[in-house]
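File shown here: data28.cif, holding mmCIF, C-alpha atoms and all ligand atoms.
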data_model
loop_
_atom_site.label_atom_id
_atom_site.label_comp_id
_atom_site.auth_asym_id
_atom_site.auth_seq_id
_atom_site.Cartn_x
_atom_site.Cartn_y
_atom_site.Cartn_z
CA MET A 1 22.80 -18.50 16.42
CA LEU A 2 21.83 -17.65 12.83
CA PHE A 3 18.15 -17.13 13.64
CA ASP A 4 18.80 -14.56 16.35
CA PRO A 5 16.91 -11.46 15.15
CA LYS A 6 19.39 -8.96 16.60
CA PRO A 7 22.33 -7.74 14.49
CA LYS A 8 25.11 -10.34 14.74
CA GLU A 9 28.24 -9.44 16.68
CA ASP A 10 30.03 -12.74 16.99
CA PRO A 11 32.00 -13.68 13.84
CA LYS A 12 30.78 -17.28 14.11
CA ASP A 13 27.16 -16.12 13.81
CA LEU A 14 27.79 -14.32 10.55
CA PHE A 15 26.83 -16.39 7.53
CA ASP A 16 28.85 -15.91 4.33
CA ARG A 17 29.86 -12.29 3.50
CA GLU A 18 33.61 -13.06 3.35
CA GLU A 19 33.96 -10.78 0.37
CA GLU A 20 32.17 -7.85 2.03
CA ILE A 21 34.12 -8.26 5.29
CA SER A 22 37.36 -8.31 3.39
CA LYS A 23 36.46 -5.14 1.47
CA LEU A 24 35.44 -3.49 4.70
CA ARG A 25 38.70 -4.51 6.32
CA THR A 26 40.54 -2.75 3.50
CA GLY A 27 38.17 0.20 3.72
CA ILE A 28 38.96 0.99 7.33
CA LYS A 29 42.59 1.56 6.44
CA TYR A 30 41.46 4.53 4.35
CA PRO A 31 39.78 7.76 5.44
CA LEU A 32 36.28 7.09 4.09
CA THR A 33 34.18 3.99 3.52
CA LEU A 34 30.54 3.75 2.56
CA LEU A 35 28.71 0.56 3.55
CA LEU A 36 25.46 0.51 1.65
CA GLY A 37 22.60 -1.90 1.23
CA ILE A 38 18.85 -1.94 1.55
CA ARG A 39 17.20 -2.44 4.90
CA ARG A 40 17.90 -5.67 6.76
CA SER A 41 20.63 -6.71 4.34
CA GLY A 42 23.10 -7.06 7.20
CA LYS A 43 25.10 -3.81 7.34
CA SER A 44 25.08 -3.44 11.12
CA SER A 45 25.99 -7.11 11.54
CA LEU A 46 28.99 -6.72 9.24
CA ILE A 47 30.32 -3.71 11.06
CA LYS A 48 29.72 -5.18 14.51
CA VAL A 49 31.50 -8.39 13.58
CA LEU A 50 34.42 -6.37 12.28
CA MET A 51 34.47 -4.38 15.53
CA LYS A 52 35.01 -7.69 17.33
CA GLU A 53 37.71 -8.83 14.95
CA GLU A 54 39.76 -5.68 14.42
CA ASP A 55 41.56 -4.07 17.29
CA ALA A 56 40.97 -0.35 16.82
CA LEU A 57 39.58 2.61 18.67
CA TRP A 58 35.97 2.12 17.54
CA ILE A 59 33.40 4.87 18.01
CA TYR A 60 29.98 3.57 16.93
CA LEU A 61 26.96 5.84 16.59
CA ASP A 62 23.54 4.39 15.82
CA LEU A 63 21.36 7.02 14.20
CA ARG A 64 18.41 4.79 13.34
CA LYS A 65 16.19 6.29 15.99
CA TYR A 66 16.05 9.61 14.12
CA GLU A 67 14.36 7.93 11.18
CA GLY A 68 10.91 9.19 12.09
CA LYS A 69 12.08 12.63 13.17
CA LEU A 70 11.88 15.76 11.07
CA TYR A 71 15.27 17.02 12.15
CA LEU A 72 18.03 16.61 14.70
CA ASN A 73 20.09 19.31 16.34
CA TYR A 74 23.56 19.71 17.78
CA ARG A 75 22.38 18.48 21.15
CA ASP A 76 21.20 15.16 19.64
CA LEU A 77 24.52 14.75 17.89
CA THR A 78 26.56 15.42 21.03
CA GLN A 79 24.37 13.01 22.98
CA GLU A 80 25.03 10.27 20.46
CA LEU A 81 28.74 11.03 20.53
CA GLU A 82 28.72 11.01 24.30
CA LYS A 83 27.05 7.61 24.37
CA ALA A 84 29.62 6.23 21.92
CA LEU A 85 32.59 7.69 23.81
CA ASN A 86 31.36 6.10 27.01
CA THR A 87 31.90 2.66 25.50
CA ILE A 88 35.64 3.06 24.81
CA PRO A 89 38.09 1.57 27.33
CA ASP A 90 38.34 3.56 30.61
CA LYS A 91 41.98 4.44 30.27
CA LEU A 92 41.45 5.91 26.81
CA ARG A 93 38.36 7.80 27.89
CA LYS A 94 40.39 9.68 30.47
CA LEU A 95 42.62 10.96 27.68
CA LEU A 96 39.70 13.01 26.34
CA ASN A 97 40.17 15.40 29.25
CA GLY A 98 41.22 18.88 28.24
CA VAL A 99 39.31 19.03 24.98
CA LYS A 100 37.09 22.10 25.00
CA GLY A 101 33.51 21.20 25.96
CA VAL A 102 34.49 17.74 27.26
CA ASN A 103 34.27 16.76 30.92
CA VAL A 104 35.44 13.42 32.19
CA MET A 105 33.81 12.99 35.58
CA GLY A 106 35.01 9.87 37.26
CA LEU A 107 34.91 7.60 34.28
CA GLU A 108 31.96 9.18 32.55
CA VAL A 109 32.37 11.50 29.59
CA LYS A 110 30.04 14.49 29.34
CA LEU A 111 29.90 16.69 26.28
CA LYS A 112 28.65 20.26 26.34
CA TRP A 113 26.28 21.28 23.61
CA GLY A 114 25.25 24.77 24.71
CA ARG A 115 27.64 27.54 25.70
CA GLY A 116 31.28 26.39 25.47
CA LYS A 117 30.14 23.48 23.33
CA VAL A 118 32.42 20.76 22.15
CA GLU A 119 33.64 21.06 18.56
CA VAL A 120 33.48 17.87 16.54
CA SER A 121 36.81 18.67 14.89
CA ASP A 122 38.55 19.02 18.30
CA LEU A 123 37.10 15.72 19.37
CA LEU A 124 38.19 13.99 16.18
CA GLU A 125 41.65 15.47 16.55
CA ARG A 126 42.02 14.10 20.07
CA LEU A 127 40.72 10.69 19.01
CA SER A 128 43.27 10.65 16.23
CA GLU A 129 46.05 11.47 18.71
CA ILE A 130 44.89 8.82 21.18
CA GLY A 131 44.79 6.31 18.35
CA GLU A 132 48.31 7.17 17.25
CA ARG A 133 49.62 6.95 20.78
CA GLU A 134 48.03 3.55 21.27
CA GLY A 135 49.05 2.29 17.86
CA LYS A 136 45.39 1.80 16.87
CA ARG A 137 43.36 3.44 14.22
CA ALA A 138 40.43 5.59 15.38
CA ILE A 139 37.38 4.48 13.41
CA ILE A 140 34.16 6.46 13.58
CA VAL A 141 31.10 4.53 12.42
CA LEU A 142 27.93 6.43 11.66
CA ASP A 143 25.26 3.75 11.29
CA GLU A 144 22.29 4.99 9.20
CA SER A 145 24.25 8.12 8.41
CA GLN A 146 21.57 9.44 6.05
CA GLU A 147 19.73 10.67 9.15
CA LEU A 148 22.46 13.28 9.56
CA ARG A 149 21.21 15.15 6.53
CA LYS A 150 18.46 16.36 8.87
CA LEU A 151 20.99 17.98 11.22
CA LYS A 152 19.95 21.61 11.59
CA GLY A 153 22.13 24.62 12.34
CA TYR A 154 25.45 22.84 11.97
CA ASN A 155 27.40 21.61 8.98
CA LEU A 156 29.05 18.36 9.97
CA LEU A 157 30.72 18.10 6.58
CA TYR A 158 33.39 20.65 7.57
CA PRO A 159 34.82 18.69 10.53
CA LEU A 160 34.50 15.49 8.49
CA ALA A 161 36.47 16.99 5.62
CA TYR A 162 39.05 18.29 8.11
CA ALA A 163 39.40 14.79 9.56
CA TYR A 164 39.64 13.29 6.09
CA ASP A 165 42.44 15.64 5.09
CA ASN A 166 44.45 15.99 8.29
CA LEU A 167 43.82 13.26 10.83
CA LYS A 168 44.49 9.58 11.30
CA VAL A 169 40.86 8.59 11.58
CA SER A 170 38.71 6.41 9.39
CA LEU A 171 35.10 7.27 8.79
CA VAL A 172 32.57 4.56 8.00
CA PHE A 173 29.10 5.61 6.90
CA THR A 174 26.39 3.03 6.58
CA GLY A 175 23.07 3.66 4.95
CA SER A 176 19.98 1.80 3.86
CA GLU A 177 18.66 4.82 2.00
CA VAL A 178 21.48 4.57 -0.45
CA GLY A 179 20.84 7.74 -2.44
CA MET A 180 20.30 9.71 0.75
CA VAL A 181 23.83 8.96 1.93
CA TYR A 182 25.22 10.41 -1.27
CA ARG A 183 22.98 13.42 -0.82
CA PHE A 184 24.21 13.94 2.72
CA LEU A 185 27.91 13.64 1.93
CA LYS A 186 27.66 15.64 -1.33
CA LEU A 187 30.80 13.98 -2.67
CA ASN A 188 29.92 15.08 -6.19
CA ASP A 189 28.85 18.58 -5.32
CA ALA A 190 31.59 21.07 -6.23
CA GLY A 191 30.61 23.47 -3.46
CA SER A 192 30.74 20.87 -0.72
CA PRO A 193 33.58 20.39 1.82
CA LEU A 194 33.94 16.71 0.91
CA PHE A 195 33.84 17.26 -2.82
CA GLY A 196 35.99 14.93 -4.85
CA ARG A 197 37.28 12.84 -1.94
CA ALA A 198 37.92 9.22 -2.80
CA PHE A 199 36.13 6.53 -0.83
CA VAL A 200 35.84 2.77 -0.59
CA ASN A 201 32.38 1.55 -1.47
CA VAL A 202 31.09 -1.72 0.01
CA THR A 203 27.62 -2.86 -0.95
CA VAL A 204 25.68 -5.56 0.83
CA PRO A 205 23.38 -7.31 -1.63
CA PRO A 206 20.60 -9.77 -0.75
CA PHE A 207 21.68 -13.44 -0.83
CA PRO A 208 21.19 -15.17 -4.16
CA ARG A 209 18.82 -18.15 -4.13
CA ASP A 210 21.39 -20.86 -3.30
CA LYS A 211 22.92 -18.85 -0.48
CA ALA A 212 19.53 -17.97 0.97
CA ILE A 213 18.51 -21.62 1.08
CA GLU A 214 21.86 -22.64 2.53
CA PHE A 215 21.42 -19.93 5.18
CA LEU A 216 18.08 -21.41 6.22
CA ARG A 217 19.38 -24.97 6.12
CA ARG A 218 22.37 -24.04 8.26
CA GLY A 219 20.17 -22.16 10.73
CA PHE A 220 17.86 -25.14 11.22
CA GLU A 221 20.77 -27.57 11.46
CA GLU A 222 22.26 -25.45 14.20
CA VAL A 223 19.21 -26.03 16.39
CA GLY A 224 18.66 -29.62 15.28
CA VAL A 225 15.36 -29.04 13.49
CA ARG A 226 14.58 -30.89 10.26
CA VAL A 227 12.73 -28.90 7.62
CA LYS A 228 11.67 -30.15 4.18
CA ASP A 229 13.55 -28.88 1.14
CA ASP A 230 10.38 -27.72 -0.58
CA GLU A 231 9.54 -25.59 2.44
CA LEU A 232 12.92 -23.91 2.25
CA GLU A 233 12.35 -23.29 -1.46
CA ASP A 234 8.92 -21.90 -0.72
CA ALA A 235 10.34 -19.62 1.97
CA TYR A 236 12.83 -18.23 -0.53
CA SER A 237 10.18 -17.68 -3.22
CA ASN A 238 8.06 -15.75 -0.76
CA LEU A 239 10.72 -13.82 1.11
CA GLY A 240 13.59 -13.35 -1.31
CA GLY A 241 17.23 -13.16 -0.26
CA ILE A 242 17.31 -10.44 2.37
CA PRO A 243 18.93 -11.99 5.45
CA GLY A 244 16.64 -10.07 7.81
CA TRP A 245 13.46 -11.70 6.46
CA LEU A 246 15.10 -15.14 6.34
CA THR A 247 16.19 -14.72 9.95
CA TYR A 248 12.68 -13.74 11.06
CA TYR A 249 11.27 -16.74 9.21
CA GLY A 250 13.66 -19.10 10.98
CA PHE A 251 12.96 -17.47 14.31
CA ASN A 252 9.20 -17.73 13.76
CA TYR A 253 9.47 -21.32 12.58
CA LEU A 254 11.18 -22.34 15.79
CA GLN A 255 8.21 -21.00 17.72
CA GLU A 256 5.38 -22.08 15.46
CA ARG A 257 6.92 -25.35 14.20
CA ASP A 258 4.89 -24.87 11.04
CA HIS A 259 6.07 -23.54 7.69
CA ARG A 260 2.84 -21.79 6.67
CA LYS A 261 2.33 -20.10 10.00
CA ALA A 262 5.97 -18.99 10.17
CA LEU A 263 5.77 -17.59 6.65
CA ASP A 264 2.53 -15.70 7.30
CA LYS A 265 3.88 -14.25 10.50
CA THR A 266 7.08 -13.13 8.77
CA ILE A 267 5.20 -11.53 5.91
CA SER A 268 2.82 -9.74 8.19
CA LEU A 269 5.66 -8.39 10.33
CA GLY A 270 7.69 -7.48 7.24
CA VAL A 271 4.80 -5.66 5.60
CA SER A 272 4.06 -3.68 8.74
CA LEU A 273 7.73 -2.69 9.16
CA ILE A 274 7.86 -1.49 5.57
CA MET A 275 4.67 0.53 5.92
CA GLU A 276 6.05 2.14 9.05
CA GLU A 277 9.23 3.06 7.18
CA PHE A 278 7.13 4.42 4.34
CA ARG A 279 5.19 6.61 6.77
CA ASN A 280 8.51 7.89 8.12
CA PHE A 281 9.57 8.67 4.57
CA LEU A 282 6.31 10.58 4.05
CA SER A 283 6.55 12.43 7.34
CA ILE A 284 9.13 14.80 5.88
CA ARG A 285 7.31 15.06 2.57
CA ARG A 286 3.92 16.36 3.63
CA GLY A 287 1.56 17.22 0.82
CA ALA A 288 2.79 14.59 -1.63
CA GLU A 289 1.52 11.52 0.25
CA SER A 290 -1.17 10.49 -2.21
CA ARG A 291 1.21 10.84 -5.15
CA TYR A 292 3.80 8.63 -3.48
CA TYR A 293 1.17 5.99 -2.72
CA ALA A 294 -0.08 6.20 -6.31
CA ILE A 295 3.45 5.67 -7.65
CA MET A 296 4.06 2.66 -5.42
CA ARG A 297 0.75 1.17 -6.55
CA VAL A 298 1.52 1.63 -10.25
CA CYS A 299 5.07 0.30 -9.85
CA VAL A 300 4.31 -2.72 -7.72
CA LYS A 301 4.96 -5.03 -10.68
CA GLY A 302 7.31 -2.71 -12.52
CA CYS A 303 6.56 0.53 -14.34
CA ARG A 304 8.00 3.12 -16.68
CA TRP A 305 8.13 6.86 -16.22
CA SER A 306 5.29 7.32 -18.71
CA ASP A 307 3.06 4.77 -16.86
CA VAL A 308 3.43 6.81 -13.71
CA LYS A 309 2.71 10.08 -15.47
CA ARG A 310 -0.44 8.67 -17.03
CA ALA A 311 -1.66 7.20 -13.74
CA ILE A 312 -1.15 10.36 -11.70
CA GLU A 313 -2.72 12.57 -14.32
CA ALA A 314 -5.72 10.25 -14.58
CA LYS A 315 -6.12 10.36 -10.82
CA GLU A 316 -5.72 14.11 -10.42
CA GLY A 317 -7.30 15.20 -13.68
CA VAL A 318 -4.57 17.77 -14.29
CA GLU A 319 -1.14 17.65 -15.86
CA ILE A 320 1.86 16.94 -13.61
CA ASP A 321 5.10 18.75 -14.20
CA ASP A 322 7.71 16.39 -15.72
CA LYS A 323 10.49 17.59 -13.47
CA ARG A 324 8.36 17.18 -10.36
CA LEU A 325 7.45 13.64 -11.38
CA SER A 326 11.10 12.70 -11.90
CA GLU A 327 11.88 14.14 -8.49
CA LEU A 328 9.21 12.00 -6.82
CA LEU A 329 10.59 8.88 -8.50
CA GLN A 330 14.13 9.86 -7.56
CA ASN A 331 13.14 10.26 -3.91
CA LEU A 332 11.60 6.79 -3.90
CA THR A 333 14.72 5.25 -5.43
CA ASP A 334 17.05 7.23 -3.17
CA ALA A 335 15.14 5.87 -0.19
CA SER A 336 15.39 2.33 -1.63
CA PHE A 337 11.66 1.72 -1.96
CA LEU A 338 12.11 1.43 -5.72
CA ILE A 339 15.06 0.42 -7.84
CA LYS A 340 15.62 1.47 -11.41
CA GLU A 341 16.81 -1.06 -13.93
CA ASN A 342 17.22 0.26 -17.45
CA ASP A 343 14.03 2.24 -17.87
CA GLU A 344 11.96 0.27 -15.43
CA TYR A 345 11.21 1.07 -11.82
CA LYS A 346 10.28 -1.74 -9.47
CA PRO A 347 10.06 -2.46 -5.74
CA ALA A 348 13.53 -2.93 -4.26
CA ASP A 349 12.50 -6.13 -2.50
CA ILE A 350 9.75 -8.73 -2.69
CA MET A 351 8.45 -7.69 0.75
CA ILE A 352 7.99 -4.14 -0.53
CA SER A 353 5.88 -5.54 -3.39
CA LYS A 354 3.77 -7.45 -0.90
CA ALA A 355 3.27 -4.34 1.22
CA PHE A 356 2.00 -2.23 -1.66
CA GLU A 357 -0.09 -5.02 -3.20
CA SER A 358 -2.18 -5.22 -0.09
CA PRO A 359 -5.38 -3.16 -0.36
CA ILE A 360 -5.44 -2.71 3.41
CA ASN A 361 -2.18 -0.78 3.36
CA MET A 362 -3.27 1.37 0.48
CA GLY A 363 -6.30 2.54 2.47
CA SER A 364 -7.97 5.57 0.94
CA TYR A 365 -5.08 6.07 -1.47
N1 LIG B 401 25.33 -12.57 7.14
C1 LIG B 401 24.42 -12.77 8.09
N2 LIG B 401 24.44 -13.88 8.84
C2 LIG B 401 23.55 -14.09 9.81
N3 LIG B 401 22.54 -13.25 10.09
C3 LIG B 401 22.45 -12.12 9.38
C4 LIG B 401 23.38 -11.81 8.35
N4 LIG B 401 23.06 -10.63 7.81
C5 LIG B 401 21.99 -10.21 8.48
N5 LIG B 401 21.59 -11.09 9.41
C6 LIG B 401 20.42 -10.96 10.29
O1 LIG B 401 19.46 -10.20 9.56
C7 LIG B 401 18.88 -9.17 10.35
C8 LIG B 401 19.20 -7.81 9.78
O2 LIG B 401 20.59 -7.59 9.92
P1 LIG B 401 21.23 -6.20 10.32
O3 LIG B 401 20.45 -5.56 11.38
O4 LIG B 401 22.67 -6.42 10.50
O5 LIG B 401 20.98 -5.47 8.92
P2 LIG B 401 20.97 -3.94 8.57
O6 LIG B 401 21.29 -3.89 7.12
O7 LIG B 401 21.82 -3.19 9.51
O8 LIG B 401 19.45 -3.62 8.80
P3 LIG B 401 18.74 -2.25 9.12
O9 LIG B 401 18.54 -1.64 7.77
O10 LIG B 401 17.44 -2.67 9.74
O11 LIG B 401 19.62 -1.45 10.01
C9 LIG B 401 19.39 -9.42 11.77
O12 LIG B 401 18.48 -10.27 12.38
C10 LIG B 401 20.70 -10.15 11.56
O13 LIG B 401 20.97 -10.98 12.63
MG MG B 402 21.42 -1.57 10.80
#
Rendering of file as structure tokens:
Amino acid sequence: MLFDPKPKEDPKDLFDREEEISKLRTGIKYPLTLLLGIRRSGKSSLIKVLMKEEDALWIYLDLRKYEGKLYLNYRDLTQELEKALNTIPDKLRKLLNGVKGVNVMGLEVKLKWGRGKVEVSDLLERLSEIGEREGKRAIIVLDESQELRKLKGYNLLYPLAYAYDNLKVSLVFTGSEVGMVYRFLKLNDAGSPLFGRAFVNVTVPPFPRDKAIEFLRRGFEEVGVRVKDDELEDAYSNLGGIPGWLTYYGFNYLQERDHRKALDKTISLGVSLIMEEFRNFLSIRRGAESRYYAIMRVCVKGCRWSDVKRAIEAKEGVEIDDKRLSELLQNLTDASFLIKENDEYKPADIMISKAFESPINMGSY
């Protein structure tokens, strides 16, 4: 069902995206693929549908829950790996026995994270061997991989580079904080283990107008509900083309049976989700909160670097360092709250504009 708010898993529930799926299908034949797109654009759905369609040894880690955390440690990483390994077929799971730090008890895999801990490279090596033996590619998916940049006391880039260079595994990194994924992988940083490695890049854009309206029409048809064309148009003008918001709207409509109510409910949910994500973003940037709010307020309808400088200086009454200001703007674009087009910064999505237009959300800022 198109209006199911969970990520889609069944290929028949995935609307459009043939091009992205086909790129992704090519990507998984290579060592490294990045699947990038702003929040709720459909990244997890794409990967989950592909997991249903492509017979491979899939290891899927969902790192979203670390979004609000300041850091994660080796124990968190091994726990996520353990969870993922416990979803592979029983007979393959048994083959993990013998890797240092891995215990297969009955059918359950346990990974050690303290003394005698499991090494990610050993694990990847064994997965590669199992894959080869079974004639399947081992594919490691790190969903919301930007969270791994907060991993403390362990450099995951070394085992990843080792896997890239020596093993038959494919790595897929998804990320909604597009710039943060680049920062984590440091592909362009000469001192980094993954420096210079080639990768396949798949981006998941919002639906253009026609597709968004067709998505809604199809979703309503599927459940036999008739909705007026001008309401569909109005939904698109208010929500834009991000599949997540369109899905929520459809889902809400089916409960409320009223366009206005469904729209209001979707906007209010959307705005509160965005503000929560913004607070998460601020939680690791203590001390600069009021500047970030000020920037979002100035840029809600589009802004230039100099507009932001003027606004912050007027607010604080002192000069702000140019480099520092550029860094603040870069962090907001890396986290996909703003996008930069030519010399203009603007909210990455219409729902983000709505969130920062609302005086309630801006509070004392
Ligand atoms: N192509 C699509 N067809 C049908 N539904 C979709 C499609 N893309 C996304 N959706 C729906 O939109 C919502 C968001 O999708 P999904 O969770 O896959 O996106 P995401 O990019 O992984 O989001 P997040 O940034 O929150 O992790 C879900 O309700 C999903 O069912
Ligand atoms: Mg997701």
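Among the candidate residues A:Gln79, A:Asn238, A:Thr247, A:Asn166, the one lying nearest to ligand LIG 401 (chain B) is A:Thr247, with distances computed using only C-alpha atoms and all ligand atoms.
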> atom O6 of ligand LIG 401 (chain B) to CA of Gly131 in chain A: how many Å, to one decimal?
Replying inline: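 Value for the atom O6 of ligand LIG 401 (chain B)-CA of Gly131 in chain A distance: 28.0 Å.
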> What is the CA of Trp245 in chain A to CA of Ala262 in chain A distance in Å?
Replying inline: 11.1 Å
>> Just want the residues within 9 Å of ligand MG 402 (chain B), written as JSON, numbers by chain, counting only C-alpha atoms and all ligand atoms.
In response: {"A": [7, 39, 40, 41, 42, 43, 44, 45, 62, 64, 143, 144, 174, 175, 176]}
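Interatomic distance, atom C4 of ligand LIG 401 (chain B) to CA of Tyr30 in chain A: 24.7 Å.
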Would you give me, as a tab-separated table, each residue of chain A having an atom within 10 Å of an atom of ligand LIG 401 (chain B), along with its shortest atom pair and that distance in Å to one decimal, using all atoms listed in the file and sorting by chain and residue number?
residue	atom	partner	partner_atom	distance
A:Met1	CA	B:LIG401	C2	8.0
A:Leu2	CA	B:LIG401	C2	5.0
A:Phe3	CA	B:LIG401	O13	6.8
A:Asp4	CA	B:LIG401	O13	5.6
A:Pro5	CA	B:LIG401	O12	3.4
A:Lys6	CA	B:LIG401	O12	4.5
A:Pro7	CA	B:LIG401	O13	4.0
A:Lys8	CA	B:LIG401	O13	4.7
A:Glu9	CA	B:LIG401	O13	8.5
A:Asp10	CA	B:LIG401	C2	9.8
A:Pro11	CA	B:LIG401	N2	9.1
A:Lys12	CA	B:LIG401	N2	8.9
A:Asp13	CA	B:LIG401	C2	5.8
A:Leu14	CA	B:LIG401	N2	3.8
A:Phe15	CA	B:LIG401	N2	3.7
A:Asp16	CA	B:LIG401	N1	5.6
A:Arg17	CA	B:LIG401	N1	5.8
A:Glu18	CA	B:LIG401	N1	9.1
A:Glu20	CA	B:LIG401	N1	9.8
A:Ile21	CA	B:LIG401	N1	10.0
A:Leu35	CA	B:LIG401	O6	9.4
A:Leu36	CA	B:LIG401	O6	8.2
A:Gly37	CA	B:LIG401	O6	6.4
A:Ile38	CA	B:LIG401	O9	6.2
A:Arg39	CA	B:LIG401	O9	3.3
A:Arg40	CA	B:LIG401	O8	3.3
A:Ser41	CA	B:LIG401	O6	4.0
A:Gly42	CA	B:LIG401	O5	3.2
A:Lys43	CA	B:LIG401	O6	3.8
A:Ser44	CA	B:LIG401	O7	3.6
A:Ser45	CA	B:LIG401	O4	3.5
A:Leu46	CA	B:LIG401	O4	6.5
A:Ile47	CA	B:LIG401	O4	8.1
A:Lys48	CA	B:LIG401	O4	8.2
A:Val49	CA	B:LIG401	O4	9.6
A:Asp62	CA	B:LIG401	O11	9.1
A:Leu63	CA	B:LIG401	O11	9.6
A:Arg64	CA	B:LIG401	O11	7.2
A:Asp143	CA	B:LIG401	O11	7.8
A:Glu144	CA	B:LIG401	O11	7.0
A:Thr174	CA	B:LIG401	O7	8.3
A:Gly175	CA	B:LIG401	O9	7.5
A:Ser176	CA	B:LIG401	O9	5.4
A:Glu177	CA	B:LIG401	O9	8.7
A:Val204	CA	B:LIG401	O6	7.9
A:Pro205	CA	B:LIG401	O6	9.6
A:Pro206	CA	B:LIG401	N4	8.9
A:Phe207	CA	B:LIG401	N1	8.8
A:Phe215	CA	B:LIG401	N2	7.7
A:Leu216	CA	B:LIG401	C2	9.8
A:Gly219	CA	B:LIG401	C2	8.8
A:Ile242	CA	B:LIG401	O1	7.5
A:Pro243	CA	B:LIG401	O1	4.5
A:Gly244	CA	B:LIG401	O1	3.3
A:Trp245	CA	B:LIG401	O1	6.9
A:Leu246	CA	B:LIG401	O1	7.3
A:Thr247	CA	B:LIG401	O12	5.6
A:Tyr248	CA	B:LIG401	O12	6.9
A:Phe251	CA	B:LIG401	O12	9.3
A:Leu273	CA	B:LIG401	O10	9.7
Write to file, as a short mmCIF file (atom, residue, chain, number, x, y, z; two decimals), in the frame of the given file, the residues of the selection just made, with C-alpha atoms.
data_model
loop_
_atom_site.label_atom_id
_atom_site.label_comp_id
_atom_site.auth_asym_id
_atom_site.auth_seq_id
_atom_site.Cartn_x
_atom_site.Cartn_y
_atom_site.Cartn_z
CA MET A 1 22.80 -18.50 16.42
CA LEU A 2 21.83 -17.65 12.83
CA PHE A 3 18.15 -17.13 13.64
CA ASP A 4 18.80 -14.56 16.35
CA PRO A 5 16.91 -11.46 15.15
CA LYS A 6 19.39 -8.96 16.60
CA PRO A 7 22.33 -7.74 14.49
CA LYS A 8 25.11 -10.34 14.74
CA GLU A 9 28.24 -9.44 16.68
CA ASP A 10 30.03 -12.74 16.99
CA PRO A 11 32.00 -13.68 13.84
CA LYS A 12 30.78 -17.28 14.11
CA ASP A 13 27.16 -16.12 13.81
CA LEU A 14 27.79 -14.32 10.55
CA PHE A 15 26.83 -16.39 7.53
CA ASP A 16 28.85 -15.91 4.33
CA ARG A 17 29.86 -12.29 3.50
CA GLU A 18 33.61 -13.06 3.35
CA GLU A 20 32.17 -7.85 2.03
CA ILE A 21 34.12 -8.26 5.29
CA LEU A 35 28.71 0.56 3.55
CA LEU A 36 25.46 0.51 1.65
CA GLY A 37 22.60 -1.90 1.23
CA ILE A 38 18.85 -1.94 1.55
CA ARG A 39 17.20 -2.44 4.90
CA ARG A 40 17.90 -5.67 6.76
CA SER A 41 20.63 -6.71 4.34
CA GLY A 42 23.10 -7.06 7.20
CA LYS A 43 25.10 -3.81 7.34
CA SER A 44 25.08 -3.44 11.12
CA SER A 45 25.99 -7.11 11.54
CA LEU A 46 28.99 -6.72 9.24
CA ILE A 47 30.32 -3.71 11.06
CA LYS A 48 29.72 -5.18 14.51
CA VAL A 49 31.50 -8.39 13.58
CA ASP A 62 23.54 4.39 15.82
CA LEU A 63 21.36 7.02 14.20
CA ARG A 64 18.41 4.79 13.34
CA ASP A 143 25.26 3.75 11.29
CA GLU A 144 22.29 4.99 9.20
CA THR A 174 26.39 3.03 6.58
CA GLY A 175 23.07 3.66 4.95
CA SER A 176 19.98 1.80 3.86
CA GLU A 177 18.66 4.82 2.00
CA VAL A 204 25.68 -5.56 0.83
CA PRO A 205 23.38 -7.31 -1.63
CA PRO A 206 20.60 -9.77 -0.75
CA PHE A 207 21.68 -13.44 -0.83
CA PHE A 215 21.42 -19.93 5.18
CA LEU A 216 18.08 -21.41 6.22
CA GLY A 219 20.17 -22.16 10.73
CA ILE A 242 17.31 -10.44 2.37
CA PRO A 243 18.93 -11.99 5.45
CA GLY A 244 16.64 -10.07 7.81
CA TRP A 245 13.46 -11.70 6.46
CA LEU A 246 15.10 -15.14 6.34
CA THR A 247 16.19 -14.72 9.95
CA TYR A 248 12.68 -13.74 11.06
CA PHE A 251 12.96 -17.47 14.31
CA LEU A 273 7.73 -2.69 9.16
#
>> Applying 8 Å and all atoms listed in the file, which residues near Val141 in chain A remain after dropping the ones on its own chain fewer than 3 positions away? List them as a PyMOL selection string.
In response: chain A and resi 58-61+171-174
Spatial neighbours of Glu134 in chain A, 12 Å, all atoms listed in the file, chain gap at least 5 places, as a JSON list (two decimals) with C-alpha atoms, keeping the file's coordinate frame:
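Ended up saving to around.json:
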[["chain", "number", "residue", "atom", "x", "y", "z"],
["A", 55, "ASP", "CA", 41.56, -4.07, 17.29],
["A", 56, "ALA", "CA", 40.97, -0.35, 16.82],
["A", 57, "LEU", "CA", 39.58, 2.61, 18.67],
["A", 89, "PRO", "CA", 38.09, 1.57, 27.33],
["A", 91, "LYS", "CA", 41.98, 4.44, 30.27],
["A", 92, "LEU", "CA", 41.45, 5.91, 26.81],
["A", 95, "LEU", "CA", 42.62, 10.96, 27.68],
["A", 127, "LEU", "CA", 40.72, 10.69, 19.01],
["A", 128, "SER", "CA", 43.27, 10.65, 16.23],
["A", 129, "GLU", "CA", 46.05, 11.47, 18.71]]
>> Restricting the calculation to only C-alpha atoms: of A:Val169, A:Ala294, A:Leu111, A:Leu32, which residue gets closest to Glu80 in chain A?
In response: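 Closest to Glu80 in chain A of all the choices is A:Leu111.
Distance annotation: of A:Asn188, A:Ser290, A:Asn73, A:Ser358, the residue with the minimal separation from Lys315 in chain A is A:Ser290; atom set is only C-alpha atoms.
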> Do you know which residues are at most 12 Å from range 121-123 of chain A counting all atoms listed in the file, after dropping those on the same chain fewer than 5 positions away, and could you put them as number ranges by chain?
Replying inline: A: 59, 78, 81-82, 85, 93, 95-103, 111-112, 128-130, 138, 140, 155-167, 169
